[in-house]
Each structure stands twice: as structure tokens, then as C-alpha cells.
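I have placed the structure first, in the form of C-alpha cells, so that the comments after it can refer back to it.
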Number of protein chains: 2
Amino acid sequence: MTSSDSSGKKWTSAEEEIMQATYRALLSHGYANLSMSRIAEELDKSKAAPYYYYDSKDELLVSFLDYSVDQFEETIDTRESDDPKETLDRVIEKLLPLQPDETEQQLQTVLVELRAQAVTNEAFREQFTRLDEKIVTAIHEIIQRGIDDGVFRDVDSTRVAEHILATITGTRYCHATTNRQTAIAVTRVSLSSYIDSELRKRP
Amino acid sequence: MTSSDSSGKKWTSAEEEIMQATYRALLSHGYANLSMSRIAEELDKSKAAPYYYYDSKDELLVSFLDYSVDQFEETIDTRESDDPKETLDRVIEKLLPLQPDETEQQLQTVLVELRAQAVTNEAFREQFTRLDEKIVTAIHEIIQRGIDDGVFRDVDSTRVAEHILATITGTRYCHATTNRQTAIAVTRVSLSSYIDSELRKRP
């Protein structure tokens with residue numbers, strides 16, 4: 001979490017502190033009740049601090065999404081030498097945890113509220129486009145590595161990656177916006193079945 | 001569109017007129033800029049009309065969702081004698097049109113805004129739960145009929161129906177909130193492949 005301009009990193013430590021404060025404020029208050037002063041309260045500094053960097057709540061939130069996509073990319077490292085099937089299972093468990101804890105559920109709720117802004121706000125839309133591209137690229141790379149290593153069937157890896165993203169996104173969205181709480185467990189089973197059917201080599 | 005209390009229908013013609021006006025106002029203004037007076041303008045009657053029936057915009061919108069789910073159920077008739085595979089393809093084309101027209105795209109946009117309210121508003125949440133239940137039940141019935149008729153493999157029809165719903169929902173959501181405009185075409189291909197792989201009888 002420590003970085004600075006001189007280290008070549010994209011985010012200064014001051015910016016990272018604001019992003020962490022924004023994250024805590026979003027979990028506590030949700031998008032609708034979020035304000036610059038509530039983010040400042042989480043910062044435990046002068047209430048003017050976020051205003052010094054950002055002109056508005058939405059401008060700050062676009063930076064927050066940008067930061068979150070960068071963080072997400074760091075946590076999904078597909079280049080490791082694991083078994084491609086295990087790596088794919090691990091990414092799916094990360095994106096669609098079978099038993100999401102309270103923080104994870106709050107985060108999903110906040111993401112639905114933020115993503116709804118993307119229908120009318122192009123800057124939000126660009127960040128969610130970037131997020132989905134990162135996820136689908138990560139899944140695509142794992143599948144392609146499995147094909148290259150000869151452990152997966154030679155399928156259209158782009159098509160399978162897009163299908164997995166759509167299914168995960170739909171399930172998270174349903175979980176956050178309906179009372180159909182068994183949907184995650186059912187989709188995890190159906191995704192396993194799909195991946196097995198598409199990727200497992202047949203004798 | 002003509003109905004009344006005495007006919008035994010759920011919606012009176014006065015209510016239906018307000019629902020149609022709400023639909024037009026939502027497409028024109030979106031959720032955020034919708035107001036009771038804008039709905040009244042679409043009604044072309046006394047501006048007080050919607051207030052006579054509903055206390056607030058959100059109360060009216062919950063009724064609008066209730067009405068929309070009823071309408072949706074009428075358009076998806078799975079009991080007809082068509083071939084189950086053709087019926088399933090028709091329902092998927094309806095839920096995820098390959099080339100959505102402008103009205104369809106506006107409707108998807110509005111639904112994302114309305115659905116975001118479901119994360120904090122239980123009345124909205126119940127309507128989206130009901131909508132998803134109707135869709136998954138319709139798909140489930142088609143698959144089960146195909147199994148009973150011996151044209152589909154004897155799969156877990158609930159699991160396959162939930163998977164199709166999740167994939168369609170995720171794709172619509174991505175289409176409305178990102179610039180990844182090829183996602184629908186890719187998912188339609190992957191869904192066909194999934195359905196074929198799960199349901200087609202093997203020699």
C-alpha cells in the first residue's frame with residue numbers, strides 16, 4: 001500500500017489513502033448516501049482533503065473504480081505455474097465465492113449501485129468496460145494456456161471466456177438484486193459442468 | 001389492453017393507462033429524471049391523476065414492475081405445441097435479441113436503473129425476484145417438456161434453466177453498462193453451444 005510518484009507507480013500514497021477511505025465509506029453508506037464529507041471522515045484528516053484532489057463525488061468514484069480495477073488485476077495473477085484447471089477454479093471462486101462474507105456482499109451491493117451509473121455516465125462506463133476486459137482476458141489466458149499445454153480441448157477460448165464472464169456477472173447481479181439466494185450454489189455447479197463439458201479432453 | 005375490475009383481471013383500464021404512461025415516461029426520461037408530473041404529461045390528463053392512485057414515484061414504479069412481470073408472463077407462453085428446441089430458441093431470442101432495436105436498448109437501460117433500487121428497496125427486490133422466477137420457470141418448463149417428449153437428454157432441468165438465466169442476465173447487464181458491444185453475439189453462440197451440449201441426445 002506504500003507507493004509514490006518517484007517509484008513509477010500509478011497511485012501516490014496520498015491517493016491510495018483516499019481510495020481506501022472511499023472504499024470504507026462506500027461499504028458504510030452505499031452510493032446514494034455517500035458524500036465527500038463522509039469520505040473525509042474516513043480519512044480522519046481535514047475534511048477538505050478529498051476536495052483538494054477531486055472536484056466531485058462522481059469524479060472521485062471514477063478514480064476509485066480505476067484504482068479498484070488496478071487492484072483487481074494484481075490479485076488475479078494468471079501467469080503462475082499452477083495447473084490451468086486449478087487456476088481457473090481459483091479465479092471463479094474469487095469472482096463468485098460460494099459463501100460470500102458480509103464485506104463481499106456489501107461490496108457487490110455497492111458495485112450494482114455504481115454500475116447503474118454507467119448507463120448514463122460515460123466515465124463510469126469506461127471503467128466497467130475496462131474491468132470486464134481484464135476479467136475476460138485473465139480467464140482467456142488461463143484457458144489458452146491449458147490448450148497450449150495439452151490439458152484442455154482445443155476450443156474457441158474467447159467464446160468460453162465470455163460465457164464464463166456472462167454467467168458469473170449474471171449470478172452476482174441476481175444475488176445482489178433478488179431474494180433468490182440459492183442461485184450462486186446452482187450456478188457454481190452448472191459452471192463446473194459447463195467447464196468440464198467444454199474443456200475436458202475426451203478419451 | 002381493456003380490462004376492468006368486473007372482468008376479474010388484476011389491472012383496471014385506468015391503472016393500465018397509468019402503466020403505459022409510466023413506460024413511455026421511463027423510456028423518455030430514465031429513472032433518475034422521472035417524476036409524477038412527467039408521467040402525468042404522458043397521460044395527457046389532469047396532472048394529479050397518478051397521485052390519485054399512488055403516493056410516490058417509487059410506489060408507482062413497484063406497481064409498474066408488477067404490471068410488467070404480468071405482461072411478460074403473457075408474452076412467454078411455453079405451453080404451446082411447438083418443438084421444445086424451437087420454443088427455447090424463441091424465448092432466448094426474446095430475452096436476448098441479437099440485434100436489439102432502440103426501444104429494447106432504452107428498456108434495458110431503464111431496467112438496470114430500476115434494478116439498482118432493488119439492492120436497498122425490498123418492494124423492488126420482490127418484483128425482480130418474481131421476474132427472475134417467472135423466466136427460470138418458463139425455461140425450466142420448456143426443457144422438462146423436451147425431456148418428457150424424449151427430444152432432450154434427461155438432465156437436471158433446474159440447473160440448466162438457472163444457467164441460461166444467469167448467462168442471459170449477465171450479457172444484458174454488460175451490454176447496458178459497458179462498451180463491449182460484441183458480447184451479445186458471442187454469448188448467443190456460446191449459449192447455443194451450451195444448450196446443444198447439455199440437451200442434444202447423443203447417438
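In the C-alpha cells, chains take letters A, B, ... by order of appearance, with residues numbered from 1 within each chain and ligands from 1 in the order shown.
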Near B:Leu95, counting only C-alpha atoms, which residues have an atom at most 12 Å away, once you skip same-chain residues fewer than 3 positions from it, shown as an MDAnalysis selection string?
-> chainID B and resid 72 75:76 88:92 98:100 104:105 107:108 132 135:136 138:139 164:173 184 188
Could the residues in this selection be written to a file with N, CA and C atoms, as an mmCIF file, in the first residue's frame?
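As a result, result.cif now contains:
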```
data_model
loop_
_atom_site.group_PDB
_atom_site.id
_atom_site.type_symbol
_atom_site.label_atom_id
_atom_site.label_comp_id
_atom_site.auth_asym_id
_atom_site.auth_seq_id
_atom_site.Cartn_x
_atom_site.Cartn_y
_atom_site.Cartn_z
ATOM 1 N N PHE B 72 -45.090 -9.700 -19.152
ATOM 2 C CA PHE B 72 -44.027 -10.585 -19.623
ATOM 3 C C PHE B 72 -44.512 -12.034 -19.630
ATOM 4 N N THR B 75 -46.549 -12.899 -22.604
ATOM 5 C CA THR B 75 -45.859 -12.999 -23.900
ATOM 6 C C THR B 75 -45.043 -14.288 -24.013
ATOM 7 N N ILE B 76 -44.663 -14.864 -22.848
ATOM 8 C CA ILE B 76 -43.897 -16.117 -22.895
ATOM 9 C C ILE B 76 -44.851 -17.257 -22.598
ATOM 10 N N LEU B 88 -37.490 -22.933 -27.063
ATOM 11 C CA LEU B 88 -36.373 -22.427 -26.260
ATOM 12 C C LEU B 88 -35.601 -21.349 -27.025
ATOM 13 N N ASP B 89 -35.336 -21.597 -28.300
ATOM 14 C CA ASP B 89 -34.640 -20.601 -29.128
ATOM 15 C C ASP B 89 -35.441 -19.299 -29.193
ATOM 16 N N ARG B 90 -36.780 -19.429 -29.294
ATOM 17 C CA ARG B 90 -37.643 -18.245 -29.392
ATOM 18 C C ARG B 90 -37.595 -17.425 -28.092
ATOM 19 N N VAL B 91 -37.623 -18.127 -26.948
ATOM 20 C CA VAL B 91 -37.563 -17.428 -25.659
ATOM 21 C C VAL B 91 -36.213 -16.723 -25.504
ATOM 22 N N ILE B 92 -35.137 -17.390 -25.909
ATOM 23 C CA ILE B 92 -33.802 -16.768 -25.800
ATOM 24 C C ILE B 92 -33.720 -15.547 -26.717
ATOM 25 N N LEU B 98 -30.599 -10.631 -30.754
ATOM 26 C CA LEU B 98 -29.264 -10.495 -31.362
ATOM 27 C C LEU B 98 -29.034 -9.065 -31.834
ATOM 28 N N GLN B 99 -30.081 -8.438 -32.337
ATOM 29 C CA GLN B 99 -29.952 -7.039 -32.755
ATOM 30 C C GLN B 99 -31.051 -6.226 -32.091
ATOM 31 N N PRO B 100 -30.866 -5.861 -30.803
ATOM 32 C CA PRO B 100 -31.913 -5.118 -30.096
ATOM 33 C C PRO B 100 -32.173 -3.769 -30.769
ATOM 34 N N GLU B 104 -35.796 -1.415 -27.319
ATOM 35 C CA GLU B 104 -35.297 -2.520 -26.499
ATOM 36 C C GLU B 104 -34.060 -2.075 -25.694
ATOM 37 N N GLN B 105 -33.177 -1.334 -26.337
ATOM 38 C CA GLN B 105 -31.961 -0.879 -25.642
ATOM 39 C C GLN B 105 -32.298 0.125 -24.544
ATOM 40 N N LEU B 107 -35.105 0.230 -22.940
ATOM 41 C CA LEU B 107 -35.755 -0.544 -21.893
ATOM 42 C C LEU B 107 -34.717 -1.240 -21.007
ATOM 43 N N GLN B 108 -33.689 -1.806 -21.614
ATOM 44 C CA GLN B 108 -32.630 -2.471 -20.842
ATOM 45 C C GLN B 108 -31.935 -1.479 -19.915
ATOM 46 N N ASP B 132 -37.446 -12.909 -12.173
ATOM 47 C CA ASP B 132 -36.470 -13.973 -12.429
ATOM 48 C C ASP B 132 -37.094 -15.359 -12.239
ATOM 49 N N ILE B 135 -39.066 -16.172 -15.384
ATOM 50 C CA ILE B 135 -38.214 -16.519 -16.527
ATOM 51 C C ILE B 135 -37.664 -17.936 -16.354
ATOM 52 N N VAL B 136 -37.132 -18.204 -15.152
ATOM 53 C CA VAL B 136 -36.490 -19.507 -14.945
ATOM 54 C C VAL B 136 -37.540 -20.624 -14.997
ATOM 55 N N ALA B 138 -40.316 -20.550 -16.846
ATOM 56 C CA ALA B 138 -40.662 -20.722 -18.265
ATOM 57 C C ALA B 138 -39.622 -21.592 -18.966
ATOM 58 N N ILE B 139 -38.326 -21.278 -18.746
ATOM 59 C CA ILE B 139 -37.257 -22.045 -19.400
ATOM 60 C C ILE B 139 -37.258 -23.489 -18.886
ATOM 61 N N ILE B 164 -28.932 -20.800 -17.936
ATOM 62 C CA ILE B 164 -29.359 -19.970 -19.078
ATOM 63 C C ILE B 164 -29.788 -18.586 -18.585
ATOM 64 N N LEU B 165 -30.576 -18.530 -17.498
ATOM 65 C CA LEU B 165 -30.989 -17.236 -16.942
ATOM 66 C C LEU B 165 -29.771 -16.386 -16.546
ATOM 67 N N ALA B 166 -28.803 -16.999 -15.823
ATOM 68 C CA ALA B 166 -27.621 -16.245 -15.370
ATOM 69 C C ALA B 166 -26.847 -15.684 -16.560
ATOM 70 N N THR B 167 -26.690 -16.511 -17.604
ATOM 71 C CA THR B 167 -25.905 -16.085 -18.767
ATOM 72 C C THR B 167 -26.605 -14.951 -19.516
ATOM 73 N N ILE B 168 -27.910 -15.081 -19.696
ATOM 74 C CA ILE B 168 -28.677 -14.024 -20.377
ATOM 75 C C ILE B 168 -28.650 -12.733 -19.557
ATOM 76 N N THR B 169 -28.896 -12.845 -18.246
ATOM 77 C CA THR B 169 -28.917 -11.665 -17.381
ATOM 78 C C THR B 169 -27.571 -10.949 -17.402
ATOM 79 N N GLY B 170 -26.490 -11.725 -17.288
ATOM 80 C CA GLY B 170 -25.142 -11.140 -17.292
ATOM 81 C C GLY B 170 -24.841 -10.431 -18.602
ATOM 82 N N THR B 171 -25.267 -11.021 -19.714
ATOM 83 C CA THR B 171 -24.987 -10.429 -21.021
ATOM 84 C C THR B 171 -25.763 -9.126 -21.220
ATOM 85 N N ARG B 172 -27.045 -9.137 -20.830
ATOM 86 C CA ARG B 172 -27.857 -7.909 -20.927
ATOM 87 C C ARG B 172 -27.272 -6.795 -20.075
ATOM 88 N N TYR B 173 -26.841 -7.173 -18.873
ATOM 89 C CA TYR B 173 -26.276 -6.207 -17.925
ATOM 90 C C TYR B 173 -24.978 -5.605 -18.483
ATOM 91 N N ILE B 184 -23.113 -9.654 -26.867
ATOM 92 C CA ILE B 184 -24.374 -10.361 -27.130
ATOM 93 C C ILE B 184 -24.180 -11.440 -28.197
ATOM 94 N N ARG B 188 -24.641 -15.409 -27.586
ATOM 95 C CA ARG B 188 -25.653 -16.190 -28.312
ATOM 96 C C ARG B 188 -25.035 -17.463 -28.892
#
```
Find the residues in chain A near chain B: any atom within 9 Å counts, using only C-alpha atoms. Write them as a ChimeraX atom specification.
-> /A:109-110,112-120,122,124-130,132-133,158-160,162-174,176-180,183,186-187,189-191,194,197-198
Distance query B:Ser37 at most 12 Å, only C-alpha atoms, self and fewer than 3 positions along chain excluded, as a list in words | Ile18, Ala21, Thr22, Ala25, His29, Asn33, Leu34, Ala40, Glu41, Glu42, Leu43, Asp44, Lys45, Ser46, Lys47, Ala48, Ala49, Pro50, Tyr51, Ser56 and Lys57 of chain B
Grab the residues selected above and save them as a compact mmCIF listing (two decimals), in the first residue's frame with all heavy atoms.
```
# COMPACT_ATOMS: atom_id res chain seq x y z
N ILE B 18 -52.14 4.26 -16.76
CA ILE B 18 -51.04 4.85 -16.00
C ILE B 18 -49.74 4.06 -16.23
O ILE B 18 -48.67 4.63 -16.40
CB ILE B 18 -51.37 4.92 -14.49
CG1 ILE B 18 -52.53 5.90 -14.26
CG2 ILE B 18 -50.15 5.34 -13.67
CD1 ILE B 18 -53.01 5.99 -12.83
N ALA B 21 -48.34 4.92 -19.56
CA ALA B 21 -47.76 6.27 -19.48
C ALA B 21 -46.41 6.23 -18.75
O ALA B 21 -45.45 6.90 -19.14
CB ALA B 21 -48.72 7.23 -18.78
N THR B 22 -46.34 5.40 -17.69
CA THR B 22 -45.09 5.26 -16.93
C THR B 22 -44.00 4.68 -17.83
O THR B 22 -42.86 5.14 -17.82
CB THR B 22 -45.32 4.33 -15.72
OG1 THR B 22 -46.38 4.86 -14.92
CG2 THR B 22 -44.06 4.22 -14.87
N ALA B 25 -42.82 7.36 -20.17
CA ALA B 25 -42.05 8.38 -19.44
C ALA B 25 -40.67 7.84 -19.04
O ALA B 25 -39.67 8.56 -19.10
CB ALA B 25 -42.83 8.83 -18.20
N HIS B 29 -37.28 9.61 -20.13
CA HIS B 29 -36.53 10.37 -19.13
C HIS B 29 -35.58 9.53 -18.28
O HIS B 29 -34.73 10.08 -17.59
CB HIS B 29 -37.51 11.11 -18.20
CG HIS B 29 -38.50 11.96 -18.93
ND1 HIS B 29 -38.13 13.09 -19.63
CD2 HIS B 29 -39.85 11.85 -19.09
CE1 HIS B 29 -39.21 13.63 -20.18
NE2 HIS B 29 -40.26 12.90 -19.89
N ASN B 33 -34.54 10.89 -13.81
CA ASN B 33 -35.26 12.11 -14.17
C ASN B 33 -36.77 11.92 -14.27
O ASN B 33 -37.48 12.79 -14.76
CB ASN B 33 -34.71 12.67 -15.49
CG ASN B 33 -33.25 13.03 -15.38
OD1 ASN B 33 -32.84 13.68 -14.41
ND2 ASN B 33 -32.44 12.59 -16.33
N LEU B 34 -37.25 10.77 -13.82
CA LEU B 34 -38.69 10.52 -13.86
C LEU B 34 -39.36 11.25 -12.70
O LEU B 34 -38.80 11.38 -11.62
CB LEU B 34 -38.95 9.01 -13.70
CG LEU B 34 -40.39 8.55 -13.96
CD1 LEU B 34 -40.69 8.60 -15.45
CD2 LEU B 34 -40.58 7.12 -13.44
N ALA B 40 -47.70 12.12 -15.66
CA ALA B 40 -48.99 12.75 -15.92
C ALA B 40 -49.02 13.38 -17.31
O ALA B 40 -50.04 13.32 -18.01
CB ALA B 40 -49.29 13.80 -14.84
N GLU B 41 -47.87 13.96 -17.72
CA GLU B 41 -47.80 14.55 -19.07
C GLU B 41 -48.06 13.49 -20.14
O GLU B 41 -48.72 13.75 -21.14
CB GLU B 41 -46.41 15.18 -19.31
CG GLU B 41 -46.27 16.56 -18.68
CD GLU B 41 -44.81 17.00 -18.61
OE1 GLU B 41 -43.99 16.52 -19.40
OE2 GLU B 41 -44.50 17.84 -17.73
N GLU B 42 -47.51 12.30 -19.93
CA GLU B 42 -47.72 11.20 -20.88
C GLU B 42 -49.18 10.75 -20.89
O GLU B 42 -49.67 10.22 -21.88
CB GLU B 42 -46.82 10.00 -20.54
CG GLU B 42 -45.34 10.23 -20.75
CD GLU B 42 -44.96 10.34 -22.23
OE1 GLU B 42 -45.72 9.85 -23.07
OE2 GLU B 42 -43.90 10.94 -22.51
N LEU B 43 -49.86 10.95 -19.76
CA LEU B 43 -51.27 10.54 -19.64
C LEU B 43 -52.18 11.51 -20.37
O LEU B 43 -53.30 11.17 -20.71
CB LEU B 43 -51.68 10.51 -18.17
CG LEU B 43 -51.63 9.17 -17.46
CD1 LEU B 43 -51.96 9.38 -15.99
CD2 LEU B 43 -52.55 8.13 -18.07
N ASP B 44 -51.67 12.75 -20.56
CA ASP B 44 -52.46 13.76 -21.25
C ASP B 44 -53.78 14.01 -20.53
O ASP B 44 -54.80 14.21 -21.16
CB ASP B 44 -52.70 13.33 -22.71
CG ASP B 44 -53.03 14.52 -23.61
OD1 ASP B 44 -52.73 15.65 -23.19
OD2 ASP B 44 -53.60 14.30 -24.69
N LYS B 45 -53.76 13.93 -19.23
CA LYS B 45 -54.95 14.19 -18.41
C LYS B 45 -54.55 15.15 -17.30
O LYS B 45 -53.46 15.73 -17.34
CB LYS B 45 -55.45 12.87 -17.80
CG LYS B 45 -56.17 11.99 -18.80
CD LYS B 45 -56.76 10.79 -18.12
CE LYS B 45 -57.48 9.91 -19.15
NZ LYS B 45 -57.94 8.66 -18.57
N SER B 46 -55.38 15.27 -16.32
CA SER B 46 -55.04 16.08 -15.16
C SER B 46 -53.72 15.60 -14.58
O SER B 46 -53.48 14.41 -14.44
CB SER B 46 -56.11 15.96 -14.08
OG SER B 46 -55.56 16.26 -12.81
N LYS B 47 -52.83 16.53 -14.29
CA LYS B 47 -51.52 16.15 -13.75
C LYS B 47 -51.63 15.44 -12.41
O LYS B 47 -50.69 14.83 -11.94
CB LYS B 47 -50.64 17.38 -13.61
CG LYS B 47 -50.27 17.98 -14.95
CD LYS B 47 -49.01 18.81 -14.88
CE LYS B 47 -48.66 19.32 -16.29
NZ LYS B 47 -47.34 19.90 -16.35
N ALA B 48 -52.78 15.55 -11.78
CA ALA B 48 -52.94 14.92 -10.46
C ALA B 48 -53.25 13.43 -10.56
O ALA B 48 -53.16 12.72 -9.58
CB ALA B 48 -54.05 15.61 -9.68
N ALA B 49 -53.58 12.95 -11.78
CA ALA B 49 -54.06 11.57 -11.93
C ALA B 49 -53.19 10.50 -11.25
O ALA B 49 -53.71 9.71 -10.46
CB ALA B 49 -54.27 11.24 -13.40
N PRO B 50 -51.86 10.43 -11.51
CA PRO B 50 -51.10 9.36 -10.86
C PRO B 50 -51.10 9.49 -9.34
O PRO B 50 -51.11 8.48 -8.64
CB PRO B 50 -49.68 9.55 -11.41
CG PRO B 50 -49.83 10.36 -12.64
CD PRO B 50 -51.02 11.23 -12.41
N TYR B 51 -51.13 10.75 -8.84
CA TYR B 51 -51.14 10.95 -7.38
C TYR B 51 -52.41 10.37 -6.75
O TYR B 51 -52.42 9.98 -5.61
CB TYR B 51 -51.05 12.44 -7.03
CG TYR B 51 -49.73 13.08 -7.38
CD1 TYR B 51 -49.61 13.94 -8.45
CD2 TYR B 51 -48.60 12.82 -6.60
CE1 TYR B 51 -48.40 14.52 -8.77
CE2 TYR B 51 -47.38 13.40 -6.92
CZ TYR B 51 -47.29 14.25 -8.02
OH TYR B 51 -46.10 14.81 -8.31
N SER B 56 -46.26 7.87 -4.18
CA SER B 56 -44.92 8.32 -4.56
C SER B 56 -44.50 7.68 -5.87
O SER B 56 -45.11 6.70 -6.34
CB SER B 56 -43.90 7.93 -3.48
OG SER B 56 -43.74 6.52 -3.48
N LYS B 57 -43.45 8.23 -6.45
CA LYS B 57 -42.86 7.68 -7.68
C LYS B 57 -42.47 6.22 -7.47
O LYS B 57 -42.77 5.37 -8.32
CB LYS B 57 -41.66 8.54 -8.06
CG LYS B 57 -40.81 8.03 -9.19
CD LYS B 57 -39.67 9.02 -9.51
CE LYS B 57 -38.30 8.41 -9.28
NZ LYS B 57 -37.19 9.23 -9.80
```
Would you mind reading off the distance between atom CA of B:Glu141 and atom CA of B:Glu74, one decimal, in Å?
-> 14.9 Å
Got a sec: who's within 12 Å of A:Tyr54, counting only C-alpha atoms, leaving out chain neighbours fewer than 6 positions off, as JSON, numbers by chain?
-> {"A": [15, 18, 19, 36, 39, 40, 48, 60, 61, 62, 63, 64]}
Output N, CA, C and O atoms for every residue in that selection, as a compact mmCIF listing (two decimals), in the first residue's frame.
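Full text of result_32.txt as output:
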```txt
# COMPACT_ATOMS: atom_id res chain seq x y z
N GLU A 15 -3.14 9.43 -2.68
CA GLU A 15 -4.30 8.97 -3.45
C GLU A 15 -4.79 7.62 -2.93
O GLU A 15 -6.00 7.40 -2.81
N ILE A 18 -6.91 8.02 0.08
CA ILE A 18 -8.27 8.49 -0.26
C ILE A 18 -9.10 7.33 -0.83
O ILE A 18 -10.28 7.17 -0.50
N MET A 19 -8.47 6.48 -1.64
CA MET A 19 -9.20 5.34 -2.23
C MET A 19 -9.64 4.35 -1.15
O MET A 19 -10.76 3.84 -1.19
N MET A 36 -18.66 13.65 -0.06
CA MET A 36 -17.25 13.98 0.11
C MET A 36 -16.92 14.07 1.60
O MET A 36 -15.85 13.64 2.03
N ILE A 39 -16.44 10.65 3.12
CA ILE A 39 -15.13 10.08 2.76
C ILE A 39 -14.05 10.75 3.61
O ILE A 39 -13.14 10.07 4.12
N ALA A 40 -14.16 12.06 3.80
CA ALA A 40 -13.18 12.79 4.62
C ALA A 40 -13.19 12.28 6.05
O ALA A 40 -12.13 12.16 6.69
N ALA A 48 -11.40 18.81 4.06
CA ALA A 48 -11.20 19.36 2.72
C ALA A 48 -10.36 18.45 1.84
O ALA A 48 -10.32 18.62 0.63
N LEU A 60 -14.35 11.51 -8.10
CA LEU A 60 -13.60 10.66 -7.16
C LEU A 60 -13.93 9.19 -7.39
O LEU A 60 -13.04 8.33 -7.38
N LEU A 61 -15.22 8.89 -7.61
CA LEU A 61 -15.63 7.48 -7.76
C LEU A 61 -15.08 6.87 -9.06
O LEU A 61 -14.79 5.67 -9.09
N VAL A 62 -14.93 7.67 -10.11
CA VAL A 62 -14.32 7.16 -11.33
C VAL A 62 -12.87 6.78 -11.05
O VAL A 62 -12.39 5.70 -11.46
N SER A 63 -12.15 7.64 -10.28
CA SER A 63 -10.79 7.29 -9.86
C SER A 63 -10.79 6.04 -8.99
O SER A 63 -9.90 5.20 -9.09
N PHE A 64 -11.79 5.95 -8.11
CA PHE A 64 -11.88 4.78 -7.24
C PHE A 64 -12.06 3.49 -8.07
O PHE A 64 -11.43 2.46 -7.79
```
Neighbour list for A:Lys201 as a list in words, cut-off 8 Å, only C-alpha atoms, skip fewer than 5 positions in-chain | Val151, Phe152 and Arg153 of chain A
